[in-house]
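Student: File work.txt below, compact mmCIF, C-alpha atoms:
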```
# COMPACT_ATOMS: atom_id res chain seq x y z
CA MET A 22 0.00 0.00 0.00
CA SER A 23 1.40 3.41 -1.00
CA ILE A 24 1.00 6.27 1.46
CA PHE A 25 1.58 9.96 0.71
CA THR A 26 1.86 12.63 3.41
CA ILE A 27 1.42 16.38 2.96
CA PHE A 28 2.49 18.95 5.55
CA PHE A 29 0.81 22.38 5.38
CA CYS A 30 2.60 25.16 7.27
CA GLY A 31 0.68 27.85 9.09
CA THR A 32 0.35 31.54 8.30
CA GLY A 33 3.75 33.21 8.27
CA SER A 34 5.50 29.88 8.73
CA ASN A 35 7.56 27.79 6.32
CA ARG A 36 9.89 24.81 6.15
CA ASN A 37 12.79 26.82 7.59
CA ASP A 38 11.08 27.11 10.97
CA SER A 39 12.36 23.66 11.93
CA THR A 40 15.64 25.30 12.95
CA PRO A 41 15.74 25.94 16.72
CA ASN A 42 15.92 29.60 17.63
CA ALA A 43 19.25 29.22 19.38
CA ALA A 44 20.82 28.37 16.02
CA ILE A 45 19.24 31.23 14.05
CA GLU A 46 20.80 34.63 13.55
CA ASP A 47 18.54 37.50 14.59
CA LYS A 48 18.40 38.80 11.03
CA ASP A 49 17.07 35.46 9.79
CA LYS A 50 14.36 34.97 12.38
CA ASN A 51 10.76 34.96 11.31
CA SER A 52 9.38 38.00 13.14
CA ALA A 53 6.00 36.36 13.73
CA TRP A 54 6.98 33.11 15.46
CA PHE A 55 9.93 32.06 17.63
CA PHE A 56 10.21 28.36 18.42
CA HIS A 57 12.67 27.28 21.08
CA ASP A 58 13.25 23.85 19.51
CA GLY A 59 11.79 24.30 16.03
CA GLU A 60 8.18 24.60 14.85
CA LEU A 61 6.26 21.33 14.74
CA ILE A 62 5.08 21.01 11.11
CA SER A 63 8.45 21.88 9.58
CA THR A 64 10.20 19.64 12.12
CA LEU A 65 8.01 16.67 11.21
CA ALA A 66 8.78 17.20 7.53
CA LYS A 67 12.52 17.50 8.24
CA ASN A 68 12.40 14.18 10.08
CA MET A 69 10.76 12.21 7.27
CA ALA A 70 12.80 9.12 6.46
CA THR A 71 12.50 9.40 2.67
CA PRO A 72 13.39 12.18 0.16
CA GLU A 73 10.79 14.89 -0.34
CA PHE A 74 8.46 14.23 -3.30
CA TYR A 75 8.95 10.45 -3.07
CA ASN A 76 6.03 10.03 -0.69
CA TRP A 77 5.65 13.42 1.00
CA ILE A 78 5.87 17.18 0.51
CA ILE A 79 5.78 20.28 2.70
CA VAL A 80 3.94 23.41 1.59
CA ASP A 81 4.85 26.84 2.98
CA GLY A 82 2.08 28.79 4.67
CA PRO A 83 0.35 31.95 3.41
CA GLY A 84 2.26 35.14 4.09
CA SER A 85 5.57 33.36 4.72
CA GLY A 86 7.67 35.10 2.09
CA ASN A 87 6.84 33.33 -1.20
CA LEU A 88 10.02 31.30 -0.80
CA GLN A 89 8.46 28.26 -2.48
CA GLU A 90 6.50 29.96 -5.26
CA GLU A 91 9.07 29.55 -8.03
CA ASN A 92 9.31 25.82 -7.32
CA LYS A 93 5.60 25.01 -7.35
CA TRP A 94 4.08 22.71 -9.94
CA ILE A 95 1.56 25.34 -10.99
CA LYS A 96 1.74 28.98 -11.99
CA PRO A 97 3.13 30.84 -8.96
CA GLY A 98 0.86 33.28 -7.18
CA ASN A 99 3.46 35.47 -5.43
CA HIS A 100 0.92 36.95 -3.03
CA SER A 101 2.01 39.73 -0.71
CA ASN A 102 2.92 38.78 2.83
CA MET A 103 0.30 41.14 4.22
CA ALA A 104 -2.50 39.68 2.10
CA GLY A 105 -1.38 36.17 3.04
CA GLN A 106 -1.26 36.91 6.75
CA LEU A 107 -4.51 38.87 6.89
CA PHE A 108 -6.69 36.92 4.46
CA GLY A 109 -4.84 33.68 3.74
CA ASN A 110 -4.12 34.64 0.12
CA GLY A 111 -2.20 31.81 -1.46
CA TRP A 112 -3.73 28.85 0.34
CA GLU A 113 -5.98 27.94 -2.60
CA ASN A 114 -2.81 28.02 -4.70
CA ASN A 115 -1.18 25.71 -2.15
CA VAL A 116 -3.98 23.19 -2.61
CA GLU A 117 -3.61 23.31 -6.41
CA HIS A 118 0.12 22.68 -6.07
CA ALA A 119 -0.43 19.74 -3.71
CA LEU A 120 -3.02 18.24 -6.07
CA ALA A 121 -0.58 18.47 -8.99
CA VAL A 122 2.13 16.69 -7.00
CA LEU A 123 -0.27 14.06 -5.76
CA LYS A 124 -1.41 13.27 -9.31
CA ALA A 125 2.18 13.53 -10.62
CA ALA A 126 0.88 16.06 -13.13
CA PRO A 127 3.76 18.14 -14.56
CA PHE A 128 1.68 19.87 -17.22
CA PHE A 129 2.62 23.40 -16.16
CA PHE A 130 6.38 22.96 -16.55
CA ALA A 131 6.95 19.77 -18.56
CA GLN A 132 7.02 21.36 -22.02
CA GLN A 133 8.82 24.56 -21.05
CA GLU A 134 12.48 25.51 -20.89
CA GLY A 135 13.96 25.74 -17.44
CA TYR A 136 12.02 24.60 -14.38
CA HIS A 137 14.96 22.33 -13.52
CA THR A 138 13.95 22.08 -9.86
CA GLN A 139 10.43 20.91 -10.68
CA LYS A 140 11.72 18.40 -13.21
CA LYS A 141 14.04 16.88 -10.61
CA GLN A 142 11.14 16.76 -8.17
CA PHE A 143 9.03 15.01 -10.82
CA GLN A 144 11.74 12.37 -11.28
CA ILE A 145 11.70 11.66 -7.54
CA ARG A 146 7.91 11.64 -7.44
CA THR A 147 7.60 9.12 -10.30
CA THR A 148 10.24 6.84 -8.79
CA ASN A 149 7.43 5.69 -6.52
CA SER A 150 5.21 4.03 -9.11
CA GLN A 151 2.76 2.44 -6.67
CA PRO A 152 -0.75 3.88 -6.80
CA ILE A 153 -1.53 6.01 -3.75
CA GLU A 154 -4.15 4.50 -1.47
CA VAL A 155 -3.85 6.73 1.61
CA VAL A 156 -3.07 10.44 1.98
CA ASN A 157 -2.17 11.90 5.38
CA LEU A 158 -2.69 15.65 5.82
CA VAL A 159 -1.02 17.48 8.70
CA GLY A 160 -1.16 21.22 9.30
CA TRP A 161 -1.15 24.04 11.82
CA SER A 162 -3.17 27.27 11.83
CA ARG A 163 -4.30 28.03 8.27
CA GLY A 164 -2.31 24.94 7.36
CA GLY A 165 -4.75 22.93 9.47
CA VAL A 166 -7.67 24.50 7.60
CA THR A 167 -5.86 23.77 4.33
CA CYS A 168 -6.05 20.09 5.29
CA HIS A 169 -9.86 20.43 5.11
CA MET A 170 -9.59 22.25 1.77
CA MET A 171 -7.25 19.62 0.35
CA ALA A 172 -9.45 16.71 1.45
CA ASN A 173 -12.51 18.38 -0.09
CA ALA A 174 -10.66 19.08 -3.33
CA MET A 175 -9.62 15.43 -3.50
CA ALA A 176 -13.25 14.37 -2.97
CA GLU A 177 -14.23 16.40 -6.03
CA ASP A 178 -11.44 15.06 -8.24
CA PRO A 179 -12.31 11.90 -10.24
CA LYS A 180 -8.70 10.72 -10.05
CA LEU A 181 -8.39 11.16 -6.29
CA ARG A 182 -11.84 10.73 -4.75
CA HIS A 183 -11.25 7.00 -4.06
CA ILE A 184 -8.21 7.70 -1.83
CA LYS A 185 -8.59 7.42 1.94
CA VAL A 186 -7.63 10.64 3.76
CA ASN A 187 -6.41 11.04 7.33
CA ILE A 188 -6.20 14.51 8.91
CA PHE A 189 -4.28 15.85 11.90
CA ALA A 190 -5.16 19.56 12.24
CA ILE A 191 -3.44 21.63 14.92
CA ASP A 192 -5.39 24.71 16.05
CA PRO A 193 -6.98 25.16 12.60
CA VAL A 194 -7.64 28.92 12.37
CA PRO A 195 -9.05 30.25 9.06
CA GLY A 196 -9.03 33.95 9.98
CA LEU A 197 -11.72 36.63 9.91
CA PHE A 198 -14.51 36.04 7.37
CA GLN A 199 -12.83 32.87 6.06
CA PHE A 200 -15.35 30.28 7.26
CA ALA A 201 -16.44 29.10 3.82
CA GLU A 202 -17.92 25.60 3.70
CA HIS A 203 -14.97 23.98 1.92
CA ARG A 204 -12.81 25.08 4.86
CA THR A 205 -15.12 24.09 7.68
CA LYS A 206 -16.72 20.82 6.54
CA ILE A 207 -15.22 17.51 5.55
CA LYS A 208 -16.50 14.82 3.20
CA PRO A 209 -16.74 11.03 3.45
CA ASN A 210 -13.28 10.50 1.95
CA VAL A 211 -11.86 11.50 5.36
CA HIS A 212 -11.26 8.37 7.41
CA ASP A 213 -9.52 9.48 10.62
CA TYR A 214 -9.77 13.02 12.03
CA TYR A 215 -7.47 14.25 14.80
CA ALA A 216 -7.18 17.82 16.03
CA VAL A 217 -5.54 19.91 18.74
CA TYR A 218 -7.01 23.16 20.08
CA ALA A 219 -5.20 25.78 22.17
CA ARG A 220 -7.33 26.88 25.07
CA HIS A 221 -5.89 30.27 26.01
CA GLU A 222 -5.85 32.21 22.74
CA ALA A 223 -7.81 35.49 23.02
CA SER A 224 -6.90 37.27 19.77
CA VAL A 225 -9.73 38.53 17.57
CA GLY A 226 -9.59 36.68 14.25
CA PHE A 227 -8.12 33.53 15.80
CA THR A 228 -11.30 31.53 16.25
CA PRO A 229 -10.46 27.94 15.28
CA VAL A 230 -12.80 25.80 13.26
CA MET A 231 -14.22 22.43 14.26
CA PRO A 232 -16.08 20.64 11.46
CA ASN A 233 -19.70 20.15 12.52
CA ASN A 234 -20.03 17.00 10.41
CA LEU A 235 -17.42 14.76 11.98
CA ASP A 236 -19.12 11.62 10.74
CA VAL A 237 -15.86 10.12 9.56
CA ARG A 238 -15.50 6.41 8.90
CA GLY A 239 -12.53 5.87 11.19
CA LYS A 240 -11.36 7.43 14.45
CA ILE A 241 -11.95 10.90 15.89
CA ALA A 242 -9.72 12.38 18.58
CA ILE A 243 -9.83 15.96 19.86
CA TYR A 244 -7.12 17.21 22.21
CA ALA A 245 -7.55 20.43 24.19
CA MET A 246 -4.24 21.89 25.34
CA PRO A 247 -3.30 24.87 27.50
CA GLY A 248 -1.53 27.82 25.91
CA ARG A 249 -1.86 30.05 22.90
CA HIS A 250 -2.03 29.41 19.17
CA ALA A 251 1.73 28.97 18.79
CA THR A 252 2.30 27.28 22.15
CA VAL A 253 0.98 23.97 20.84
CA VAL A 254 3.53 23.83 18.01
CA GLY A 255 6.60 24.73 20.03
CA ASN A 256 6.58 28.37 21.11
CA ALA A 257 7.53 27.99 24.76
CA SER A 258 7.59 31.64 25.82
CA GLU A 259 5.44 32.91 28.67
CA THR A 260 3.56 35.13 26.19
CA GLY A 261 3.10 32.48 23.53
CA ASP A 262 4.14 34.85 20.75
CA GLY A 263 7.23 36.11 18.96
CA VAL A 264 8.75 38.28 21.65
CA LYS A 265 12.33 37.12 22.20
CA ASN A 266 14.53 37.08 25.31
CA LEU A 267 11.70 35.73 27.45
CA PRO A 268 11.75 32.60 29.62
CA THR A 269 10.93 29.46 27.67
CA ASP A 270 9.37 27.41 30.44
CA PHE A 271 6.18 26.34 28.67
CA THR A 272 7.52 23.45 26.62
CA ASP A 273 5.05 20.83 27.86
CA PRO A 274 2.11 21.36 25.45
CA GLY A 275 4.40 21.46 22.42
CA LYS A 276 6.21 18.27 23.43
CA VAL A 277 3.00 16.35 24.12
CA VAL A 278 1.43 17.51 20.85
CA ARG A 279 4.54 16.55 18.91
CA CYS A 280 4.51 13.10 20.49
CA LEU A 281 0.81 12.65 19.72
CA VAL A 282 1.29 13.61 16.07
CA GLU A 283 4.39 11.45 15.66
CA LYS A 284 2.65 8.43 17.14
CA GLN A 285 -0.39 8.93 14.95
CA LEU A 286 1.65 9.38 11.79
CA THR A 287 3.47 6.17 12.65
CA CYS A 288 0.10 4.42 13.03
CA TRP A 289 -0.81 5.78 9.60
CA GLY A 290 2.25 4.13 8.07
CA VAL A 291 4.67 7.07 8.04
CA LYS A 292 8.37 6.51 8.76
CA LEU A 293 9.98 9.27 10.84
CA ASN A 294 13.47 9.82 12.17
CA ASN A 295 14.38 11.59 15.44
CA THR A 296 11.01 11.17 17.12
CA LEU A 297 10.56 12.24 20.74
CA SER A 298 9.32 8.74 21.64
CA LEU A 299 8.02 9.86 25.03
CA THR A 300 6.96 7.12 27.40
CA ASP A 301 3.49 7.19 28.92
CA GLU A 302 5.07 8.19 32.23
CA ALA A 303 6.89 11.10 30.58
CA ILE A 304 3.68 12.31 28.91
CA LEU A 305 1.83 12.11 32.23
CA GLN A 306 4.59 14.13 33.88
CA HIS A 307 4.22 16.79 31.19
CA TYR A 308 0.48 16.86 31.86
CA ASP A 309 1.18 17.14 35.59
CA THR A 310 3.36 20.19 34.97
CA MET A 311 0.63 21.73 32.79
CA LEU A 312 -1.81 21.38 35.68
CA ALA A 313 0.62 23.15 38.00
CA ASP A 314 1.09 25.94 35.48
CA LEU A 315 -2.57 26.49 34.56
CA PRO A 316 -2.73 29.90 36.30
CA LYS A 317 0.25 31.01 34.20
CA TYR A 318 -1.37 29.75 30.99
CA LEU A 319 -4.50 31.71 31.87
CA LEU A 320 -2.37 34.86 32.05
CA MET A 321 -1.36 34.26 28.43
CA ARG A 322 -4.80 35.52 27.41
CA LYS A 323 -3.52 39.03 28.09
CA ASN A 324 -1.19 38.70 25.09
CA VAL A 325 -2.68 38.85 21.60
CA TYR A 326 -1.57 38.92 17.97
CA THR A 327 -4.28 41.39 16.92
CA VAL A 328 -6.64 42.88 19.52
CA ARG A 329 -8.09 41.11 22.51
CA ASP A 330 -11.59 39.65 22.57
CA TYR A 331 -12.97 41.37 25.65
CA PHE A 332 -16.48 40.02 25.12
CA SER A 333 -15.68 36.47 26.20
CA THR A 334 -13.72 34.96 29.08
CA GLU A 335 -13.11 31.78 27.11
CA ARG A 336 -12.08 30.96 23.58
CA LYS A 337 -14.71 30.35 20.93
CA VAL A 338 -14.70 27.60 18.33
CA GLY A 339 -16.69 27.94 15.13
CA ASN A 340 -17.82 26.66 11.76
CA GLU A 341 -19.51 28.25 8.76
CA SER A 342 -22.76 28.93 10.63
CA GLN A 343 -21.97 29.74 14.28
CA ASN A 344 -19.39 30.11 17.03
CA LYS A 345 -19.63 28.28 20.33
CA LYS A 346 -17.92 28.85 23.64
CA TRP A 347 -15.18 26.42 24.60
CA SER A 348 -17.25 25.08 27.52
CA GLU A 349 -20.20 24.34 25.21
CA LEU A 350 -18.24 21.73 23.26
CA SER A 351 -18.06 18.40 25.05
CA MET A 352 -15.05 17.31 22.98
CA LEU A 353 -13.00 20.16 24.45
CA ALA A 354 -14.29 20.15 28.02
CA SER A 355 -11.93 18.91 30.73
CA PRO A 356 -13.17 15.74 32.47
CA SER A 357 -15.07 16.91 35.53
CA PHE A 358 -15.74 15.12 38.84
CA ASN A 359 -18.11 16.69 41.35
CA GLY A 360 -17.73 19.94 39.47
CA LYS A 361 -13.93 19.91 39.68
CA ASN A 362 -11.62 19.68 36.68
CA ILE A 363 -8.76 17.29 37.36
CA PHE A 364 -7.29 16.39 33.98
CA ILE A 365 -6.10 18.55 31.08
CA ASN A 366 -8.18 16.58 28.59
CA GLN A 367 -9.70 13.17 27.95
CA HIS A 368 -6.39 11.78 26.73
CA HIS A 369 -4.76 12.77 30.03
CA MET A 370 -7.45 11.00 32.04
CA ASN A 371 -7.44 7.82 29.98
CA LEU A 372 -3.65 7.62 30.01
CA PHE A 373 -3.53 8.18 33.78
CA ILE A 374 -6.06 5.44 34.52
CA ASN A 375 -4.58 2.94 32.06
CA TYR A 376 -1.03 3.59 33.24
CA GLN A 377 -1.86 2.88 36.89
CA SER A 378 -3.74 -0.27 35.95
CA ARG A 379 -1.10 -1.55 33.54
CA MET A 380 1.83 -0.89 35.87
CA GLY A 381 -0.01 -2.17 38.95
CA LEU A 382 0.92 0.93 40.94
CA LYS A 383 -0.46 1.88 44.32
CA GLU A 384 -1.93 5.28 45.03
CA THR A 385 1.20 6.28 46.93
CA ASP A 386 3.30 5.46 43.87
CA MET A 387 1.07 7.54 41.61
CA ALA A 388 1.19 10.43 44.09
CA LYS A 389 5.00 10.47 43.94
CA LYS A 390 5.13 10.36 40.15
CA PHE A 391 2.30 12.80 39.42
CA PRO A 392 1.80 14.91 42.57
CA ILE A 393 -0.41 17.66 41.13
CA THR A 394 -2.80 15.27 39.40
CA TYR A 395 -3.06 13.07 42.47
CA GLN A 396 -3.59 16.03 44.78
CA LEU A 397 -6.58 17.14 42.69
CA ILE A 398 -7.99 13.62 42.78
CA ALA A 399 -7.58 13.47 46.57
CA GLU A 400 -9.55 16.71 46.94
CA ILE A 401 -12.71 15.30 45.36
```
Now that the file is in, can you turn its structure into structure tokens?
Tutor:
Amino acid sequence: MSIFTIFFCGTGSNRNDSTPNAAIEDKDKNSAWFFHDGELISTLAKNMATPEFYNWIIVDGPGSGNLQEENKWIKPGNHSNMAGQLFGNGWENNVEHALAVLKAAPFFFAQQEGYHTQKKQFQIRTTNSQPIEVVNLVGWSRGGVTCHMMANAMAEDPKLRHIKVNIFAIDPVPGLFQFAEHRTKIKPNVHDYYAVYARHEASVGFTPVMPNNLDVRGKIAIYAMPGRHATVVGNASETGDGVKNLPTDFTDPGKVVRCLVEKQLTCWGVKLNNTLSLTDEAILQHYDTMLADLPKYLLMRKNVYTVRDYFSTERKVGNESQNKKWSELSMLASPSFNGKNIFINQHHMNLFINYQSRMGLKETDMAKKFPITYQLIAEI
């Protein structure tokens, strides 16, 4: 079975963001996002075990500098950074490029002089002659929404509609007035749907989308994480944005999300190098630290990319027809016992219970390993 994976970067982000900040000169840093150990989507792509275009590609996000435009398999758009960052200009073009690569369709450049890069890419792409049966789509921010767009475009394409699609969308934010149906709904070609949502983002225009028709044929998993929009993909600053020279103590959400995505990609047949490979105990310890730091994550809501949403004390999640408060969505709500929230999310609770049972640990053992979690349980 042939599997193809496509990574869609977020707004203002591109493949170069896999480089940890400590190794980047100030003049080369992306002014929008600073990632202490590299941004997640670009890091995943960098760690793929095969050459790009053989069975995977990475697509730069809107408003990230047009660094990839001249190497696309379609006519380049060269949209301005401002238009890309404000309105997502270029993401439809990204889908067209990904479709051309997926279908190994070199029609734009095949009969023209030049285009040496694309022709080399085409040679790599056609080395893998097996028909594609599964496509994995992974993206953050507008890249997460682009996963929806790509899956829907495949469903409309006679050559691709038979292919099974898996999606892992990380805080999929379309932007203001960008909740069109092809970005907010998914079709039956989607088999598994996984998503991560950042709880403490308060910027106007950063409402994430959750498809309201999650009637997929496979598995659905929704992970709510503390922090801001960029926290969940590796920005570990106390503000969750691009301000440098700040403490980078908030690594836990990014590490857990990376581990979740890596494990799921592996389940979907993807071969990765340099994975975190966190044990269940390590993940639970990261969750325990998140619980201890929840008051600090709540303070992150004071920092915004645009202007602050003063009309709501909690983040909203939307689709093409309406927005709902975080607490109104059962998939995002923290597991509650006697009105008290103990776990970060459902995954945290299930892992905690299964770990204790599997390891045969006593309550005293669990209290030593995960003191904050156990203290909250003891207070019920």
Student: Calculated over all atoms listed in the file, which of the candidates A:Lys140, A:Lys180, A:Arg279, A:Lys317 has the smallest distance to Pro247 (chain A)?
Tutor: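 When distances to Pro247 (chain A) are compared using all atoms listed in the file, the smallest one comes from A:Lys317.
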Student: For His57 (chain A), which residue out of A:Ser224, A:Thr138, A:Gln377, A:Thr252 is the nearest one, using only C-alpha atoms?
Tutor: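 Answer, going by the shortest atom-to-atom distance: A:Thr252.
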Student: Enter the distance from CA of Trp161 (chain A) to CA of Pro193 (chain A), in Å, rounded to one decimal.
Tutor: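 Pair CA of Trp161 (chain A) / CA of Pro193 (chain A) returns 6.0 Å.
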Student: So that I can check the surroundings of Ala172 (chain A), please list as a PyMOL selection string every protein, DNA and RNA residue that reaches within 9 Å of it, counting only C-alpha atoms and ignoring chain neighbours fewer than 3 positions away.
Tutor: chain A and resi 156+158+167-169+175-177+182+186-188+207-208+210-211
Student: Keeping only C-alpha atoms, write those residues as a PDB file, in the coordinates of the input.
Tutor:
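Saved result, selection_32.pdb, follows:
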```pdb
ATOM      1  CA  VAL A 156      -3.070  10.440   1.980  1.00  0.00           C
ATOM      2  CA  LEU A 158      -2.690  15.650   5.820  1.00  0.00           C
ATOM      3  CA  THR A 167      -5.860  23.770   4.330  1.00  0.00           C
ATOM      4  CA  CYS A 168      -6.050  20.090   5.290  1.00  0.00           C
ATOM      5  CA  HIS A 169      -9.860  20.430   5.110  1.00  0.00           C
ATOM      6  CA  MET A 175      -9.620  15.430  -3.500  1.00  0.00           C
ATOM      7  CA  ALA A 176     -13.250  14.370  -2.970  1.00  0.00           C
ATOM      8  CA  GLU A 177     -14.230  16.400  -6.030  1.00  0.00           C
ATOM      9  CA  ARG A 182     -11.840  10.730  -4.750  1.00  0.00           C
ATOM     10  CA  VAL A 186      -7.630  10.640   3.760  1.00  0.00           C
ATOM     11  CA  ASN A 187      -6.410  11.040   7.330  1.00  0.00           C
ATOM     12  CA  ILE A 188      -6.200  14.510   8.910  1.00  0.00           C
ATOM     13  CA  ILE A 207     -15.220  17.510   5.550  1.00  0.00           C
ATOM     14  CA  LYS A 208     -16.500  14.820   3.200  1.00  0.00           C
ATOM     15  CA  ASN A 210     -13.280  10.500   1.950  1.00  0.00           C
ATOM     16  CA  VAL A 211     -11.860  11.500   5.360  1.00  0.00           C
TER      17      VAL A 211
END
```
Student: Which residue out of A:Asp58, A:Val325, A:Val217, A:Met231 has the minimum interatomic distance to Phe271 (chain A) when only C-alpha atoms are used?
Tutor: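 Smallest distance to Phe271 (chain A) is found for A:Asp58.
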Student: Calculated over all atoms listed in the file, which of the candidates A:Gly239, A:Pro195, A:Pro152, A:Gly248 has the smallest distance to Tyr218 (chain A)?
Tutor: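 Among A:Gly239, A:Pro195, A:Pro152, A:Gly248, it is A:Gly248 that comes nearest to Tyr218 (chain A).
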Student: Please report the interatomic distance between CA of Gly86 (chain A) and CA of Phe55 (chain A) in Å with one decimal.
Tutor: 16.0 Å
Student: Could you please determine the separation between CA of Asn340 (chain A) and CA of Asn234 (chain A) in Å, to one decimal place?
Tutor: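 Going from CA of Asn340 (chain A) over to CA of Asn234 (chain A), I get 10.0 Å.
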Student: Taking 5 positions as the minimum chain separation for residues in the same chain, which residues sit within 9 Å of Ala126 (chain A) when counting only C-alpha atoms? Answer as a PyMOL selection string.
Tutor: chain A and resi 94+120-121+131+143
Student: With N, CA, C and O atoms as the goal, would you fill in the gaps in region 171-185 of chain A and present it as a compact mmCIF listing (two decimals), in the coordinates of the input?
Tutor:
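Listed below is the output, result13.txt:
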```txt
# COMPACT_ATOMS: atom_id res chain seq x y z
N MET A 171 -7.89 20.64 1.19
CA MET A 171 -7.25 19.62 0.35
C MET A 171 -8.11 18.36 0.28
O MET A 171 -8.32 17.78 -0.81
N ALA A 172 -8.61 17.91 1.42
CA ALA A 172 -9.45 16.71 1.45
C ALA A 172 -10.70 16.91 0.60
O ALA A 172 -11.13 16.01 -0.13
N ASN A 173 -11.31 18.10 0.70
CA ASN A 173 -12.51 18.38 -0.09
C ASN A 173 -12.20 18.46 -1.57
O ASN A 173 -13.01 18.01 -2.41
N ALA A 174 -11.05 19.03 -1.92
CA ALA A 174 -10.66 19.08 -3.33
C ALA A 174 -10.42 17.68 -3.88
O ALA A 174 -10.78 17.38 -5.03
N MET A 175 -9.83 16.82 -3.07
CA MET A 175 -9.62 15.43 -3.50
C MET A 175 -10.96 14.72 -3.71
O MET A 175 -11.11 13.92 -4.64
N ALA A 176 -11.93 15.01 -2.85
CA ALA A 176 -13.25 14.37 -2.97
C ALA A 176 -13.96 14.76 -4.25
O ALA A 176 -14.81 14.02 -4.76
N GLU A 177 -13.61 15.93 -4.80
CA GLU A 177 -14.23 16.40 -6.03
C GLU A 177 -13.46 15.99 -7.28
O GLU A 177 -13.93 16.21 -8.39
N ASP A 178 -12.30 15.41 -7.11
CA ASP A 178 -11.44 15.06 -8.24
C ASP A 178 -11.65 13.59 -8.62
O ASP A 178 -11.42 12.70 -7.78
N PRO A 179 -12.06 13.29 -9.84
CA PRO A 179 -12.31 11.90 -10.24
C PRO A 179 -11.11 10.98 -10.07
O PRO A 179 -11.27 9.78 -9.85
N LYS A 180 -9.89 11.54 -10.16
CA LYS A 180 -8.70 10.72 -10.05
C LYS A 180 -8.27 10.47 -8.60
O LYS A 180 -7.42 9.61 -8.34
N LEU A 181 -8.86 11.23 -7.67
CA LEU A 181 -8.39 11.16 -6.29
C LEU A 181 -9.49 10.82 -5.28
O LEU A 181 -9.19 10.53 -4.13
N ARG A 182 -10.74 10.85 -5.71
CA ARG A 182 -11.84 10.73 -4.75
C ARG A 182 -11.89 9.36 -4.07
O ARG A 182 -12.51 9.22 -3.01
N HIS A 183 -11.24 8.35 -4.65
CA HIS A 183 -11.25 7.00 -4.06
C HIS A 183 -10.22 6.85 -2.94
O HIS A 183 -10.23 5.86 -2.21
N ILE A 184 -9.32 7.81 -2.78
CA ILE A 184 -8.21 7.70 -1.83
C ILE A 184 -8.68 8.01 -0.41
O ILE A 184 -9.40 8.98 -0.18
N LYS A 185 -8.27 7.19 0.53
CA LYS A 185 -8.59 7.42 1.94
C LYS A 185 -7.72 8.54 2.49
O LYS A 185 -6.50 8.57 2.27
```
